[in-house]
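Notes follow once the structure below has been shown.
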Amino acid sequence: MNVKKITSLLCVLLLLSWQAFAQKAQLYPTHWWTGMKWNQVQLLVHQEGINKTAATVQLQYPGVTIKKVTRTESPNYLVVDISIAATAKPGVLNFKVNSAGKTQTIPFTLKARTGKAGKDFAHGVTSQDLVYLIMPDRFANGDASNDRIPGYKDTICDRSNPSAHHGGDIQGVINNIGYLKDMGVTSIWMCPVTENDMPWKQEPAGAISGYHGYWITNHYAIDKRYGGADAYKKLVRTAHAQGMKIIQDAVYNHVGDEHFLFKDKPFADMFNNWPAYTGSNHREEALFGAYTSQADKKVMLEGWFTPHLPDINLRNPYMANFMIQNAIWSTEEFMLDGWRVDTYKYCDEQFMNNVNAALLKEFPTLSIFGEAWANSVPGSAYFTKNNMQVPFKHNLPGTTDFPMQSAMLSAINQPFGWTEGLNKLMMTLSQDVLYQDPKLNCIFLDNHDVDRFMTMIGGDEKKYYMGIGLLLTQRGIPQLYFGTEIQMKNDDVQGDGKKRNDFPGGFAGDAQNKFVASGRNAAENAAYEYVKKLANFRKQSKALTVGTTTDFLPQDGVYVYFRKHGNETVMCIINQNQQDKTIALNRFAEVTNNYQQATNVITGSNAVLQGEWRIPAQTMWVMQLK
Ligand SMILES: [Ca+2]
Ligand SMILES: [Ca+2]
């Protein structure tokens, strides 16, 4: 090697070193607060080469001490555990980091808390709420300037493709909060708004983009296509000013394969690694079943959802801390009111208990319901606080109640039989004995992962009204999927995109605007008005929201149940038959004997509580007793 070559090599090395200096260290969490119960914070410092040699980290800050510095397997991270005393004041912590012969100052801000949990946020979503589920990309486009973000791996915005981004965003939700409030909605759950900087991926149904939000690539960024953190904070402020709540969608099970933690893993075992690609078996029975094998349980929990969604090893303590701290951080930073947890049944069970406990310790009034897409009531109850004797006890307050969805659909779609139709609904509800509090379950007719309700009932108007009637009078936290109030149906296309069609009127150039009465046809207006009337009645009815339930076994395709709270009693009658049916009132005397009259809360018509009533075919009555 001659002198010239050595000089060039030195120049390259100097340049590399300069570049290393030039790259700013990223800290996760990005900041924290004083006065938090979670005051032992584990900082993940990300900078190229920061851990090439053993680093020293020093800090002089009153009330904050470094407990431990850990070198990762990757040369590009350091883990710094700090302890924040109750006496620590807000300010900037300047970490002096010496590594690879360089010294640098890495700032980390300790902020003052701006709101009080339970008063300003963390309001909790309960059975007194009505949740409206929005896929933000598909609801309304309030800001056309963010439809394509230069620098993102996917810059396609194409409404003609059901698997592409369509341009909907958080401002679109803000613009329509009045529409939701008028309908009686009290809480908004949006599919994840966290950054999904992913290219298109191939799935069995075809190529698909990350328009749905479940391919997270940075837990500390809100996707710019939705408007970023500023838009999200504005949404929460606007919702709170209207007395409405915001639920965030959490994904602990997996990340998008462009996530920095996967591309450059601090520790190789932060993900569930298999010798060859192994998909989950998707069967919750492998966890709670009486005779299940360890092998099936491992595949259930550690198998991947799809090849581009690396399965997180939540038993790795650094990964667990990363996720728990992000959940606390997000709640405090965005002033959230509750969480819906995606793919709950695929996550390490002890981790789920730990993250729930940490969130509820920090924010006792927060609510959490988890998506445990289960095929049976025991399978659903297993993931909640339950009354079952099982080896592992979950601490989740409630689930997204898939067995109830299936039962409500059977009640209106399936001919009445010993175990079918309304009997399936009754049988499903009878198993509420397995839940500690079934009222904390989120109940729904449809969501973004199943066909739209109006499609599942073949566009049948009568079935539509029976379904909405059940949804708004049964126990639990009712959830409407965006567009169900105007009887939206699926598009006739392949893949999930068909279930997630755009709300008409949410996008520039739409032929109709169904956010307003003049843009809806007669049937859509009738549906919207029915939802609105029943939702607003429900809102003030303690019987329907927090009351007890008494039911009478379905007879001849007619099911009668009562919701009761104090002196308020609501009688619900559903006739699923194609023919009118007659019921004798004296059968219900144990509940009705102190009442003389009943008023239909939709029509306002009155009936005397005696003799027989003729219930029209395929009809549900919601009657307030007087
Ligand atoms: Ca947009
Ligand atoms: Ca998993």
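Labels used: A, B, ... for chains in the order of the structure tokens, numbers from 1 for residues in each chain, and numbers from 1 for ligands as shown.
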
Pick out the residues no farther than 12 Å from ligand 2, counting only C-alpha atoms and all ligand atoms, and list them as a VMD selection string.
chain A and resid 251 to 255 270 to 273 278 to 284 297 to 306 309 to 315 342 to 349 351 to 352

Got a sec to check which residues lie within 6 Å of ligand 1, using only C-alpha atoms and all ligand atoms, and send them as a ChimeraX atom specification?
/A:141-144,146-147,167-169

DSSP strand (DSSP E) residues within segment 480-580 of chain A, listed as an MDAnalysis selection string:
chainID A and resid 480:481 548:555 558:565 568:575

Could you tell me, as a count of residues only, which residues of segment 243-369 of chain A DSSP assigns to alpha helix (DSSP H) when given the backbone?
49

Best match for closeness to Gly379 of chain A among A:Leu360, A:Ala286, A:Val341, A:Val601, counting only C-alpha atoms
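Using only C-alpha atoms, Gly379 of chain A sits closest to A:Ala286.
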
Considering only C-alpha atoms, can you say which of A:Tyr382, A:Tyr132, A:Phe453, A:Trp339 comes closest to Ile188 of chain A?
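Smallest distance to Ile188 of chain A is found for A:Tyr132.
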
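Counting only C-alpha atoms and comparing A:Asn513, A:Ser293, A:Thr384, A:Gln576, the residue that lies closest to Asn176 of chain A is A:Asn513.
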
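Rounded to one decimal, atom CA of Leu261 of chain A and atom CA of Tyr77 of chain A lie 10.2 Å from each other.
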
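With atom CA of Leu27 of chain A on one side and atom CA of Leu44 of chain A on the other, the separation reads 5.7 Å.
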
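When only C-alpha atoms are used to measure the gap to Ala327 of chain A, the shortest distance among A:Trp373, A:Ala276, A:His394, A:Ala250 belongs to A:Ala250.
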
Give the answer as one residue: which of A:Asn321, A:Asn76, A:Asn354, A:Asn98 has the shortest atom-to-atom distance to Pro266 of chain A, using only C-alpha atoms?
A:Asn76

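If only C-alpha atoms are the atoms counted, then among A:Val185, A:Arg225, A:Ala241, A:Lys96 the closest residue to Arg148 of chain A is A:Arg225.
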
Could you pull the residues within 9 Å of Ile468 of chain A, counting only C-alpha atoms, minus those fewer than 2 positions along the same chain, as a PyMOL selection string?
chain A and resi 445+463-466+470-473+485+530-531+534

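Reported to one decimal place, the separation of atom CA of Asn490 of chain A from atom CA of Arg452 of chain A is 5.8 Å.
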
Test item: residues at most 10 Å from Tyr481 of chain A, only C-alpha atoms, excluding those fewer than 6 positions along its chain, as an NGL selection string:
:A and (131-135 or 189 or 444-448 or 452-453 or 488 or 500)

Saved selection, atoms kept: C-alpha atoms, as a CSV table (one decimal), in the first residue's frame:
chain,number,residue,atom,x,y,z
A,131,VAL,CA,-67.9,3.5,19.9
A,132,TYR,CA,-67.5,4.4,16.2
A,133,LEU,CA,-64.7,2.5,14.4
A,134,ILE,CA,-63.0,4.4,11.6
A,135,MET,CA,-60.3,3.3,9.2
A,189,TRP,CA,-61.6,4.1,17.8
A,444,PHE,CA,-70.5,-5.2,17.3
A,445,LEU,CA,-72.3,-6.3,14.2
A,446,ASP,CA,-69.3,-5.7,11.9
A,447,ASN,CA,-65.8,-4.3,11.8
A,448,HIS,CA,-63.0,-3.7,9.4
A,452,ARG,CA,-70.1,-5.3,6.2
A,453,PHE,CA,-73.3,-6.0,8.2
A,488,MET,CA,-73.0,0.7,3.4
A,500,ARG,CA,-63.1,-0.9,3.9

Residues of segment 361-462 of chain A that have any atom at most 12 Å from an atom of segment 541-550 of chain A: could you tabulate them with the shortest-distance atom pair and the distance in Å to one decimal, using only C-alpha atoms, ordered by chain and increasing number, as a tab-separated table?
residue	atom	partner	partner_atom	distance
A:Met426	CA	A:Thr550	CA	11.0
A:Leu429	CA	A:Thr549	CA	10.0
A:Ser430	CA	A:Thr550	CA	10.6
A:Asp432	CA	A:Thr549	CA	11.0
A:Asp437	CA	A:Val546	CA	11.1
A:Pro438	CA	A:Val546	CA	10.9
A:Lys439	CA	A:Val546	CA	7.6
A:Leu440	CA	A:Val546	CA	10.2

Those selected residues, please, written with N, CA and C atoms and delivered as a compact mmCIF listing (two decimals), in the first residue's frame.
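File written: part-v6.txt
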# COMPACT_ATOMS: atom_id res chain seq x y z
N MET A 426 -79.52 -16.55 22.82
CA MET A 426 -79.80 -16.85 24.23
C MET A 426 -78.71 -17.76 24.81
N LEU A 429 -75.49 -15.81 25.36
CA LEU A 429 -75.58 -14.91 26.52
C LEU A 429 -75.58 -15.69 27.82
N SER A 430 -76.13 -16.92 27.79
CA SER A 430 -76.16 -17.72 29.03
C SER A 430 -74.74 -18.01 29.52
N ASP A 432 -72.37 -15.97 29.65
CA ASP A 432 -71.77 -14.80 30.30
C ASP A 432 -71.31 -15.13 31.73
N ASP A 437 -66.99 -9.61 34.06
CA ASP A 437 -67.87 -8.49 33.75
C ASP A 437 -68.08 -8.38 32.23
N PRO A 438 -69.12 -9.08 31.72
CA PRO A 438 -69.35 -9.06 30.27
C PRO A 438 -69.69 -7.67 29.74
N LYS A 439 -70.08 -6.75 30.62
CA LYS A 439 -70.41 -5.39 30.16
C LYS A 439 -69.17 -4.65 29.64
N LEU A 440 -67.98 -5.17 29.96
CA LEU A 440 -66.75 -4.52 29.49
C LEU A 440 -66.34 -5.04 28.11

Skipping near chain neighbours, those fewer than 2 positions away, what residues fall within 10 Å of Val622 of chain A using only C-alpha atoms, listed as a ChimeraX atom specification?
/A:469-470,472-473,534,561-562,570-574,598-603,620,624-625

Using only C-alpha atoms, which residues sit within 12 Å of Ile177 of chain A once same-chain residues fewer than 6 positions away are excluded, as a list in words?
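Those residues are Tyr132, Ile134, Phe139, Ala140, Ile170, Gln171, Met183, Gly184, Val185, Thr186, Ser187, Ile188, Leu235, Val236, Arg237, Thr238, Ala239, His240, Ala241, Gln242, Gly243, Met244, Lys245, Ile246 and Phe515 of chain A.
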